[in-house]
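Next up, run_28.csv (CSV, C-alpha atoms):
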```
chain,number,residue,atom,x,y,z
A,1,MET,CA,0.0,0.0,0.0
A,2,ILE,CA,1.2,3.5,-0.8
A,3,ARG,CA,0.8,5.9,2.0
A,4,THR,CA,1.5,9.4,0.7
A,5,THR,CA,0.5,10.9,4.0
A,6,ARG,CA,2.0,8.2,6.7
A,7,ARG,CA,-2.5,5.5,5.4
A,8,ALA,CA,-34.4,-19.8,-9.7
A,9,ARG,CA,-35.0,-19.7,-8.0
A,10,ARG,CA,-35.3,-22.2,-10.9
A,11,THR,CA,-37.6,-20.7,-13.5
A,12,ALA,CA,-41.0,-22.4,-13.7
A,13,ALA,CA,-41.5,-24.1,-17.1
A,14,VAL,CA,-44.9,-25.3,-18.1
A,15,VAL,CA,-45.4,-27.6,-21.1
A,16,LEU,CA,-48.6,-27.0,-22.9
A,17,THR,CA,-49.6,-30.5,-24.1
A,18,THR,CA,-51.9,-29.1,-26.8
A,19,GLY,CA,-49.1,-27.3,-28.7
A,20,ALA,CA,-46.0,-28.7,-27.1
A,21,ALA,CA,-44.9,-25.1,-26.5
A,22,LEU,CA,-42.6,-24.1,-23.6
A,23,VAL,CA,-43.7,-21.1,-21.5
A,24,VAL,CA,-41.1,-19.6,-19.3
A,25,SER,CA,-42.0,-17.4,-16.3
A,26,PRO,CA,-40.5,-13.9,-16.1
A,27,LEU,CA,-38.4,-14.9,-13.1
A,28,ALA,CA,-34.8,-14.7,-14.1
A,29,THR,CA,-32.2,-17.5,-13.9
A,30,PRO,CA,-28.8,-16.6,-12.3
A,31,ALA,CA,-27.4,-16.5,-15.9
A,32,GLN,CA,-30.2,-14.1,-17.0
A,33,ALA,CA,-29.8,-12.0,-13.9
A,34,ALA,CA,-26.1,-11.5,-14.7
A,35,ALA,CA,-27.1,-9.9,-18.0
A,36,LYS,CA,-28.2,-6.8,-16.1
A,37,PRO,CA,-25.3,-4.4,-15.5
A,38,PRO,CA,-24.3,-4.6,-11.8
A,39,SER,CA,-24.3,-1.6,-9.5
A,40,VAL,CA,-20.8,-0.9,-8.2
A,41,SER,CA,-19.6,1.7,-5.7
A,42,ALA,CA,-16.4,2.5,-7.6
A,43,LYS,CA,-15.8,6.0,-8.8
A,44,GLY,CA,-14.7,4.5,-12.1
A,45,ALA,CA,-14.8,1.0,-13.5
A,46,TYR,CA,-14.4,-0.8,-16.8
A,47,LEU,CA,-14.5,-4.4,-18.1
A,48,ALA,CA,-13.6,-5.8,-21.5
A,49,ASP,CA,-13.0,-8.9,-23.4
A,50,ALA,CA,-9.2,-9.2,-23.5
A,51,LYS,CA,-9.1,-10.6,-27.0
A,52,SER,CA,-11.6,-8.5,-28.8
A,53,GLY,CA,-11.5,-5.4,-26.7
A,54,LYS,CA,-15.3,-5.2,-26.6
A,55,GLN,CA,-16.6,-3.2,-23.6
A,56,LEU,CA,-18.7,-5.3,-21.3
A,57,PHE,CA,-19.2,-2.8,-18.4
A,58,GLY,CA,-18.4,0.8,-17.8
A,59,LYS,CA,-18.7,3.6,-15.3
A,60,ALA,CA,-16.9,7.0,-15.7
A,61,VAL,CA,-14.6,5.1,-18.0
A,62,ASP,CA,-12.6,8.1,-19.2
A,63,THR,CA,-12.4,10.1,-16.0
A,64,LYS,CA,-8.8,10.7,-14.9
A,65,ARG,CA,-8.0,9.6,-11.4
A,66,GLN,CA,-4.9,8.7,-9.4
A,67,MET,CA,-4.2,5.0,-9.6
A,68,ALA,CA,-1.7,4.3,-6.7
A,69,SER,CA,0.3,1.1,-7.1
A,70,THR,CA,-1.6,-0.1,-10.1
A,71,THR,CA,1.1,2.1,-11.7
A,72,LYS,CA,3.4,-0.9,-11.3
A,73,VAL,CA,1.6,-2.8,-14.0
A,74,MET,CA,3.2,-0.3,-16.4
A,75,THR,CA,6.5,-0.6,-14.6
A,76,ALA,CA,6.4,-4.4,-15.3
A,77,ALA,CA,5.2,-3.8,-18.9
A,78,VAL,CA,8.1,-1.6,-19.8
A,79,VAL,CA,10.6,-4.1,-18.4
A,80,LEU,CA,9.0,-7.1,-20.1
A,81,ASP,CA,8.8,-5.3,-23.4
A,82,THR,CA,12.6,-4.4,-23.3
A,83,PRO,CA,14.3,-5.8,-26.4
A,84,GLY,CA,16.7,-8.6,-25.6
A,85,LEU,CA,15.5,-8.8,-22.0
A,86,LYS,CA,17.3,-11.3,-19.8
A,87,LEU,CA,15.1,-12.3,-16.9
A,88,ASP,CA,17.9,-14.0,-15.0
A,89,ARG,CA,20.1,-10.9,-15.1
A,90,LYS,CA,21.2,-10.1,-11.5
A,91,ILE,CA,20.7,-6.7,-10.0
A,92,THR,CA,22.3,-5.5,-6.8
A,93,VAL,CA,20.0,-3.9,-4.2
A,94,LYS,CA,21.1,-0.4,-3.3
A,95,LYS,CA,20.7,1.3,0.1
A,96,THR,CA,18.9,4.0,-1.9
A,97,TYR,CA,15.9,1.7,-2.5
A,98,ARG,CA,15.5,0.9,1.2
A,99,ASP,CA,15.9,4.5,2.2
A,100,TYR,CA,13.2,5.5,-0.2
A,101,VAL,CA,10.5,3.2,1.1
A,102,ALA,CA,11.4,4.1,4.7
A,103,LYS,CA,11.1,7.8,3.9
A,104,GLU,CA,7.8,7.4,2.0
A,105,GLY,CA,6.3,4.9,4.4
A,106,ALA,CA,5.7,2.8,1.2
A,107,SER,CA,4.9,-0.8,0.7
A,108,THR,CA,8.0,-2.9,0.5
A,109,ALA,CA,9.4,-6.2,-0.5
A,110,ASP,CA,12.0,-5.7,2.3
A,111,LEU,CA,14.9,-6.0,-0.1
A,112,ARG,CA,18.3,-6.1,1.7
A,113,THR,CA,21.2,-3.9,0.6
A,114,GLY,CA,23.8,-5.8,-1.3
A,115,ASP,CA,21.6,-8.8,-2.2
A,116,LYS,CA,21.5,-9.8,-5.8
A,117,LEU,CA,18.1,-10.5,-7.3
A,118,THR,CA,17.2,-11.4,-10.8
A,119,VAL,CA,14.9,-9.3,-13.0
A,120,ARG,CA,12.3,-12.1,-12.7
A,121,GLN,CA,12.5,-12.0,-8.9
A,122,LEU,CA,12.2,-8.2,-8.9
A,123,LEU,CA,9.0,-8.6,-10.9
A,124,TYR,CA,7.6,-10.9,-8.3
A,125,ALA,CA,8.7,-8.4,-5.6
A,126,THR,CA,7.1,-5.5,-7.4
A,127,LEU,CA,3.8,-7.2,-8.3
A,128,LEU,CA,3.0,-9.4,-5.3
A,129,PRO,CA,3.8,-7.5,-2.2
A,130,SER,CA,3.7,-4.3,-4.2
A,131,GLY,CA,7.4,-3.5,-3.3
A,132,CYS,CA,8.2,0.1,-4.1
A,133,ASP,CA,11.8,-0.8,-3.4
A,134,ALA,CA,11.7,-3.4,-6.1
A,135,ALA,CA,10.0,-1.1,-8.6
A,136,TYR,CA,12.8,1.5,-7.8
A,137,ALA,CA,15.4,-1.2,-8.6
A,138,LEU,CA,13.8,-1.9,-12.0
A,139,ALA,CA,13.4,1.8,-12.9
A,140,ASP,CA,17.1,2.4,-11.9
A,141,THR,CA,18.2,-0.5,-14.0
A,142,PHE,CA,16.2,-0.1,-17.1
A,143,GLY,CA,16.4,3.7,-17.4
A,144,SER,CA,19.2,5.5,-19.0
A,145,GLY,CA,21.6,8.1,-17.5
A,146,SER,CA,24.6,8.6,-15.4
A,147,THR,CA,22.7,9.1,-12.1
A,148,VAL,CA,19.9,7.3,-10.3
A,149,LYS,CA,17.7,10.4,-10.7
A,150,ALA,CA,18.4,10.6,-14.4
A,151,ARG,CA,17.8,6.8,-14.9
A,152,THR,CA,14.4,6.8,-13.0
A,153,ALA,CA,13.3,9.9,-15.0
A,154,SER,CA,14.3,8.1,-18.2
A,155,PHE,CA,12.3,5.0,-17.1
A,156,ILE,CA,9.2,7.1,-16.4
A,157,SER,CA,9.5,8.6,-19.8
A,158,LYS,CA,9.5,5.1,-21.2
A,159,MET,CA,6.3,4.4,-19.2
A,160,ASN,CA,4.6,7.4,-20.9
A,161,LYS,CA,5.8,6.3,-24.3
A,162,LYS,CA,4.4,2.9,-23.8
A,163,ALA,CA,1.1,4.3,-22.7
A,164,ALA,CA,0.9,6.4,-25.9
A,165,SER,CA,1.7,3.3,-28.0
A,166,LEU,CA,-1.1,1.4,-26.3
A,167,GLY,CA,-3.6,4.2,-27.0
A,168,MET,CA,-3.9,5.2,-23.3
A,169,LYS,CA,-4.8,8.8,-24.2
A,170,ASN,CA,-5.9,9.8,-20.7
A,171,THR,CA,-2.9,8.5,-18.8
A,172,LYS,CA,0.2,10.2,-17.4
A,173,PHE,CA,3.0,8.8,-15.2
A,174,ASP,CA,5.2,10.9,-13.0
A,175,SER,CA,6.2,7.9,-10.9
A,176,PHE,CA,7.5,4.4,-11.3
A,177,ASP,CA,5.5,3.1,-8.3
A,178,GLY,CA,2.4,5.3,-7.9
A,179,ILE,CA,3.9,7.7,-5.2
A,180,SER,CA,3.1,11.0,-6.9
A,181,LYS,CA,4.5,14.2,-5.5
A,182,GLY,CA,2.4,16.5,-7.7
A,183,GLY,CA,-0.7,14.4,-8.4
A,184,LYS,CA,0.3,14.0,-12.0
A,185,ASN,CA,0.2,10.2,-12.0
A,186,TYR,CA,-3.2,9.3,-13.3
A,187,SER,CA,-5.2,7.1,-15.6
A,188,THR,CA,-8.7,6.0,-16.3
A,189,PRO,CA,-10.5,2.6,-16.0
A,190,LYS,CA,-10.6,2.3,-19.8
A,191,ASP,CA,-6.9,3.0,-20.2
A,192,LEU,CA,-5.8,0.7,-17.4
A,193,THR,CA,-7.9,-2.1,-19.0
A,194,LYS,CA,-6.1,-1.6,-22.3
A,195,LEU,CA,-2.8,-2.0,-20.3
A,196,ALA,CA,-4.2,-5.2,-18.7
A,197,ALA,CA,-5.1,-6.6,-22.0
A,198,HIS,CA,-1.6,-6.0,-23.2
A,199,THR,CA,0.2,-7.5,-20.2
A,200,VAL,CA,-1.8,-10.7,-20.0
A,201,LYS,CA,-0.5,-11.6,-23.4
A,202,ASN,CA,2.9,-12.0,-21.8
A,203,SER,CA,3.5,-15.5,-20.3
A,204,THR,CA,6.0,-14.3,-17.7
A,205,PHE,CA,3.6,-11.6,-16.5
A,206,ARG,CA,0.7,-14.0,-16.2
A,207,THR,CA,2.9,-16.5,-14.3
A,208,VAL,CA,3.9,-13.8,-11.8
A,209,VAL,CA,0.6,-12.1,-11.2
A,210,LYS,CA,-1.4,-15.3,-10.7
A,211,ALA,CA,0.9,-16.5,-7.9
A,212,LYS,CA,-0.7,-16.2,-4.5
A,213,SER,CA,2.7,-16.4,-2.9
A,214,THR,CA,6.3,-17.1,-3.8
A,215,ARG,CA,9.6,-18.1,-2.1
A,216,GLN,CA,12.7,-16.8,-3.8
A,217,LYS,CA,16.4,-17.4,-2.9
A,218,ALA,CA,19.0,-14.8,-3.7
A,219,PRO,CA,22.7,-14.4,-2.9
A,220,ALA,CA,22.9,-12.2,0.2
A,221,GLY,CA,25.1,-9.1,0.3
A,222,SER,CA,26.6,-10.4,3.6
A,223,GLY,CA,27.4,-13.8,2.1
A,224,GLY,CA,25.3,-17.0,1.9
A,225,THR,CA,21.8,-17.1,0.6
A,226,ARG,CA,18.7,-15.2,1.7
A,227,THR,CA,15.2,-16.5,1.2
A,228,TYR,CA,12.4,-14.0,0.4
A,229,THR,CA,8.8,-14.9,0.9
A,230,TRP,CA,6.2,-12.6,-0.7
A,231,TYR,CA,2.4,-12.8,-0.6
A,232,ASN,CA,0.2,-11.4,-3.4
A,233,THR,CA,-1.9,-8.5,-2.0
A,234,ASN,CA,-4.6,-9.3,-4.6
A,235,LYS,CA,-7.3,-11.1,-2.6
A,236,LEU,CA,-9.3,-11.9,-5.7
A,237,LEU,CA,-6.8,-14.7,-6.4
A,238,GLY,CA,-8.0,-17.9,-4.9
A,239,SER,CA,-11.4,-16.3,-4.1
A,240,TYR,CA,-13.0,-15.8,-7.5
A,241,LYS,CA,-13.1,-18.8,-9.9
A,242,GLY,CA,-10.7,-18.2,-12.8
A,243,ALA,CA,-9.0,-15.1,-11.4
A,244,ILE,CA,-5.4,-14.7,-12.8
A,245,GLY,CA,-4.4,-11.3,-11.4
A,246,ILE,CA,-3.5,-8.5,-11.7
A,247,LYS,CA,-2.6,-5.7,-9.3
A,248,THR,CA,-3.9,-3.8,-6.3
A,249,GLY,CA,-3.3,-0.2,-5.4
A,250,THR,CA,-4.2,2.0,-2.4
A,251,GLY,CA,-3.4,5.6,-1.7
A,252,SER,CA,-4.8,8.5,0.3
A,253,ALA,CA,-5.8,10.4,-2.9
A,254,ALA,CA,-6.4,7.3,-5.1
A,255,GLY,CA,-8.4,5.3,-2.7
A,256,SER,CA,-8.5,1.5,-3.2
A,257,CYS,CA,-7.9,0.4,-6.8
A,258,LEU,CA,-7.7,-2.8,-8.7
A,259,VAL,CA,-6.6,-4.0,-12.1
A,260,PHE,CA,-7.9,-7.5,-12.6
A,261,ALA,CA,-8.3,-10.4,-15.0
A,262,ALA,CA,-10.0,-13.8,-15.0
A,263,THR,CA,-10.2,-16.7,-17.5
A,264,ARG,CA,-12.9,-19.2,-17.9
A,265,GLY,CA,-12.7,-21.6,-20.8
A,266,ASP,CA,-11.4,-19.8,-23.8
A,267,LYS,CA,-12.5,-16.4,-22.6
A,268,THR,CA,-10.3,-13.9,-20.7
A,269,LEU,CA,-11.8,-10.7,-19.2
A,270,VAL,CA,-9.8,-7.8,-18.0
A,271,GLY,CA,-10.9,-4.8,-16.0
A,272,ALA,CA,-10.0,-1.9,-13.7
A,273,ILE,CA,-11.6,-0.3,-10.7
A,274,LEU,CA,-10.6,3.1,-9.3
A,275,ASN,CA,-11.4,4.5,-5.9
A,276,ASP,CA,-13.6,1.7,-4.5
A,277,ALA,CA,-13.7,0.5,-0.9
A,278,ASN,CA,-15.5,-2.6,-2.2
A,279,ARG,CA,-13.1,-3.3,-5.0
A,280,TYR,CA,-13.1,-7.1,-4.7
A,281,ALA,CA,-16.8,-7.6,-4.4
A,282,ASP,CA,-17.4,-5.2,-7.3
A,283,ALA,CA,-14.8,-6.8,-9.5
A,284,ALA,CA,-16.5,-10.2,-8.9
A,285,LYS,CA,-19.9,-8.7,-9.8
A,286,MET,CA,-18.4,-7.2,-13.0
A,287,LEU,CA,-16.8,-10.5,-13.9
A,288,ASP,CA,-20.0,-12.4,-13.3
A,289,HIS,CA,-21.7,-9.9,-15.6
A,290,GLY,CA,-19.1,-10.7,-18.3
A,291,PHE,CA,-19.1,-14.4,-17.8
A,292,LYS,CA,-22.9,-14.6,-17.3
A,293,SER,CA,-22.3,-16.4,-14.0
A,294,ASN,CA,-23.5,-15.9,-10.5
A,295,SER,CA,-20.6,-16.7,-8.2
A,296,ALA,CA,-19.9,-13.3,-6.6
A,297,LYS,CA,-22.6,-13.8,-3.9
A,298,THR,CA,-20.9,-16.8,-2.5
A,299,MET,CA,-17.3,-15.6,-2.9
A,300,ARG,CA,-15.2,-15.6,0.3
A,301,LEU,CA,-12.0,-13.6,0.1
A,302,ARG,CA,-8.7,-15.3,0.6
A,303,PRO,CA,-7.1,-13.9,3.8
A,304,LEU,CA,-3.5,-12.7,3.8
A,305,PRO,CA,-1.2,-14.1,6.4
A,306,SER,CA,-0.4,-12.0,9.5
A,307,GLY,CA,2.5,-9.6,8.7
A,308,ALA,CA,1.9,-9.7,4.9
A,309,GLN,CA,1.9,-6.5,3.0
A,310,GLN,CA,-1.5,-4.9,2.5
A,311,ASP,CA,-2.2,-2.8,-0.6
```
Target format C-alpha cells, applied to this file:
Amino acid sequence: MIRTTRRARRTAAVVLTTGAALVVSPLATPAQAAAKPPSVSAKGAYLADAKSGKQLFGKAVDTKRQMASTTKVMTAAVVLDTPGLKLDRKITVKKTYRDYVAKEGASTADLRTGDKLTVRQLLYATLLPSGCDAAYALADTFGSGSTVKARTASFISKMNKKAASLGMKNTKFDSFDGISKGGKNYSTPKDLTKLAAHTVKNSTFRTVVKAKSTRQKAPAGSGGTRTYTWYNTNKLLGSYKGAIGIKTGTGSAAGSCLVFAATRGDKTLVGAILNDANRYADAAKMLDHGFKSNSAKTMRLRPLPSGAQQD
C-alpha cells in the first residue's frame, strides 16, 4: 500500500400439451440476472474482453484519477517489453531503495542492501507485495543516464511512451510506483484495462501475477543465501473462480484500486476499478456480468497471512 500521508430460483416451465410449447416465467435464472449491469460503488470501472477489446461494463470510463500502485503494471510492462530482456540478469539492491521506502512509508518487498536478485525475482517483488523498493530497482536498472535520478526519470519517460503506444490517451505517469508528488500520476478505467489486455499476453507476466505467494532465494550481500517470501496482495486470487491477477493499489488520494483479470474456458476478461472500498466484491460482480455467471454472492475472500503487506 502506498501511504503518501503516513495511510431460480429455478424458473418455472410449463409444457402445454396441446401445442408442445414451452412457456417460461418472467423470473430470471442466475445467468439471465447476470445480464443486467451490476451496481458498483467504484468512482470509475471498466470491463472488457481481453481478445476483442469489446466493452462489457463501464462507469466513468474516461475520467482521470490517481491510480496508486496499479502504476506498477506499467513498470512491469516496460521491463518485459525491453528488447533482448534477460530475466535472469542479476541486480544488486542499493541502500537508496531501502531509504526510499522508509522515507515514504511505502509498501516494501524488504529487499536487503547488497543482495543480488534477478529481474524475474524483482518482478515478483514488485507485483506481489507491491514493493516500491523493487519497482525502484527496476526503474534504476532499465532507465538511461549517469545518475539514479536521471535513470528513473528516463524510465518514467518510457512508461509514458508505452502508454501512448497502447492508446492510453488519458494516462500520465510521473512515478515508477504510484507515489506521486504532484498528483500528475493518473489514468482511467478504460486506459488501465487496455494495459491489462496488453500485459496478460505475456506469459511471464501471467505467471507472476497469478501466484498467490512465492519463495525466492538470492545471494545475500553479507554472504550466503537469503530466502524471500512474498504474498500477493490481490485477494481476488483464490477467491473468484478463474482469477489470474493483476494488481492492487491503495493511496490517500487514489483510494482503493484494482486492475484484474480472469479466465474461464477460452474467454479472458480484463478490467479496472478506481477508488472503491468494495473493489473485490465489485470486481467479482463485474466479472459475473461478463461471464454470465453468479458466483460473486458466494465468494469468500482469501485472507492474507499475518504480517503480509496490504495494498
Which residues come within 9 Å of region 57-62 of chain A, counting only C-alpha atoms, excluding same-chain residues fewer than 3 positions away, as a list in words?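 Selected residues are Pro37, Pro38, Val40, Ala42, Lys43, Gly44, Ala45, Tyr46, Leu47, Ala48, Asn170, Ser187, Thr188, Pro189, Lys190, Asp191, Gly271, Met286, His289 and Gly290 of chain A.
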One number please: CA of His198 (chain A) to CA of Thr126 (chain A), in Å, one decimal. 18.0 Å
Rounded to one decimal, what separation in Å do you get between CA of Leu304 (chain A) and CA of Lys212 (chain A)? 9.4 Å
What is the distance between CA of Phe155 (chain A) and CA of Lys217 (chain A), in Å to one decimal? 26.8 Å
Contact residues around Leu123 (chain A) with all atoms listed in the file at 9 Å, ignoring same-chain residues under 5 positions, as a VMD selection string: chain A and resid 76 79 118 128 134 to 135 138 205 208
Hey, which of A:Ala106, A:Leu236, A:Ile273, A:Ala283 ends up closest to Arg300 (chain A)? Count only C-alpha atoms.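 Closest to Arg300 (chain A) of all the choices is A:Leu236.
Distances from A:Ala281, A:Ala125, A:Leu56, A:Ile244 to Arg264 (chain A) were compared using all atoms listed in the file, and the smallest one belongs to A:Ile244.
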Report as AutoDock Vina command-line options the centre and the edge lengths, in Å to one decimal, of the axis-aligned box holding every listed atom of region 290-307 of chain A, padded by 3 Å on each side.
```
--center_x -10.5 --center_y -13.2 --center_z -4.4 --size_x 32.0 --size_y 13.2 --size_z 33.8
```
Counting only C-alpha atoms, what is within 12 Å of Gly182 (chain A), bar same-chain residues fewer than 3 positions away, as a list in words?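 Selected residues are Thr4, Gln66, Lys172, Phe173, Asp174, Ser175, Gly178, Ile179, Asn185, Tyr186 and Ala253 of chain A.
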Write out as a ChimeraX atom specification which residues come within 7 Å of Asp115 (chain A) when counting only C-alpha atoms, dropping same-chain ones fewer than 3 positions away. /A:92-93,112,218-221
Please provide as a PyMOL selection string all residues within 10 Å of region 150-153 of chain A, with the sequence filter that same-chain residues fewer than 5 positions apart are discarded (counting all atoms listed in the file). chain A and resi 136-145+158-159+174-176
Go ahead and dump the residues you just picked, C-alpha atoms, as a PDB file, in the frame of the given file.
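Once written, out34.pdb looks like this:
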```
ATOM      1  CA  TYR A 136      12.800   1.500  -7.800  1.00  0.00           C
ATOM      2  CA  ALA A 137      15.400  -1.200  -8.600  1.00  0.00           C
ATOM      3  CA  LEU A 138      13.800  -1.900 -12.000  1.00  0.00           C
ATOM      4  CA  ALA A 139      13.400   1.800 -12.900  1.00  0.00           C
ATOM      5  CA  ASP A 140      17.100   2.400 -11.900  1.00  0.00           C
ATOM      6  CA  THR A 141      18.200  -0.500 -14.000  1.00  0.00           C
ATOM      7  CA  PHE A 142      16.200  -0.100 -17.100  1.00  0.00           C
ATOM      8  CA  GLY A 143      16.400   3.700 -17.400  1.00  0.00           C
ATOM      9  CA  SER A 144      19.200   5.500 -19.000  1.00  0.00           C
ATOM     10  CA  GLY A 145      21.600   8.100 -17.500  1.00  0.00           C
ATOM     11  CA  LYS A 158       9.500   5.100 -21.200  1.00  0.00           C
ATOM     12  CA  MET A 159       6.300   4.400 -19.200  1.00  0.00           C
ATOM     13  CA  ASP A 174       5.200  10.900 -13.000  1.00  0.00           C
ATOM     14  CA  SER A 175       6.200   7.900 -10.900  1.00  0.00           C
ATOM     15  CA  PHE A 176       7.500   4.400 -11.300  1.00  0.00           C
TER      16      PHE A 176
END
```
Counting all atoms listed in the file, the option among A:Val119, A:Ile246, A:Ala254, A:Ala277 closest to Arg65 (chain A): A:Ala254
Restricting the calculation to only C-alpha atoms, which member of A:Gly53, A:Gly245, A:Ala284, A:Ser69 is positioned closest to Thr298 (chain A)?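 That would be A:Ala284, the residue with the smallest distance to Thr298 (chain A).
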Using all atoms listed in the file, find the one residue out of A:Ser154, A:Thr193, A:Gln309, A:Ser180 that sits nearest to Thr229 (chain A). A:Gln309
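Between Asp177 (chain A) and the candidates A:Gln55, A:Thr108, A:Thr113, A:Ser293, the tightest atom-to-atom separation, counting all atoms listed in the file, involves A:Thr108.
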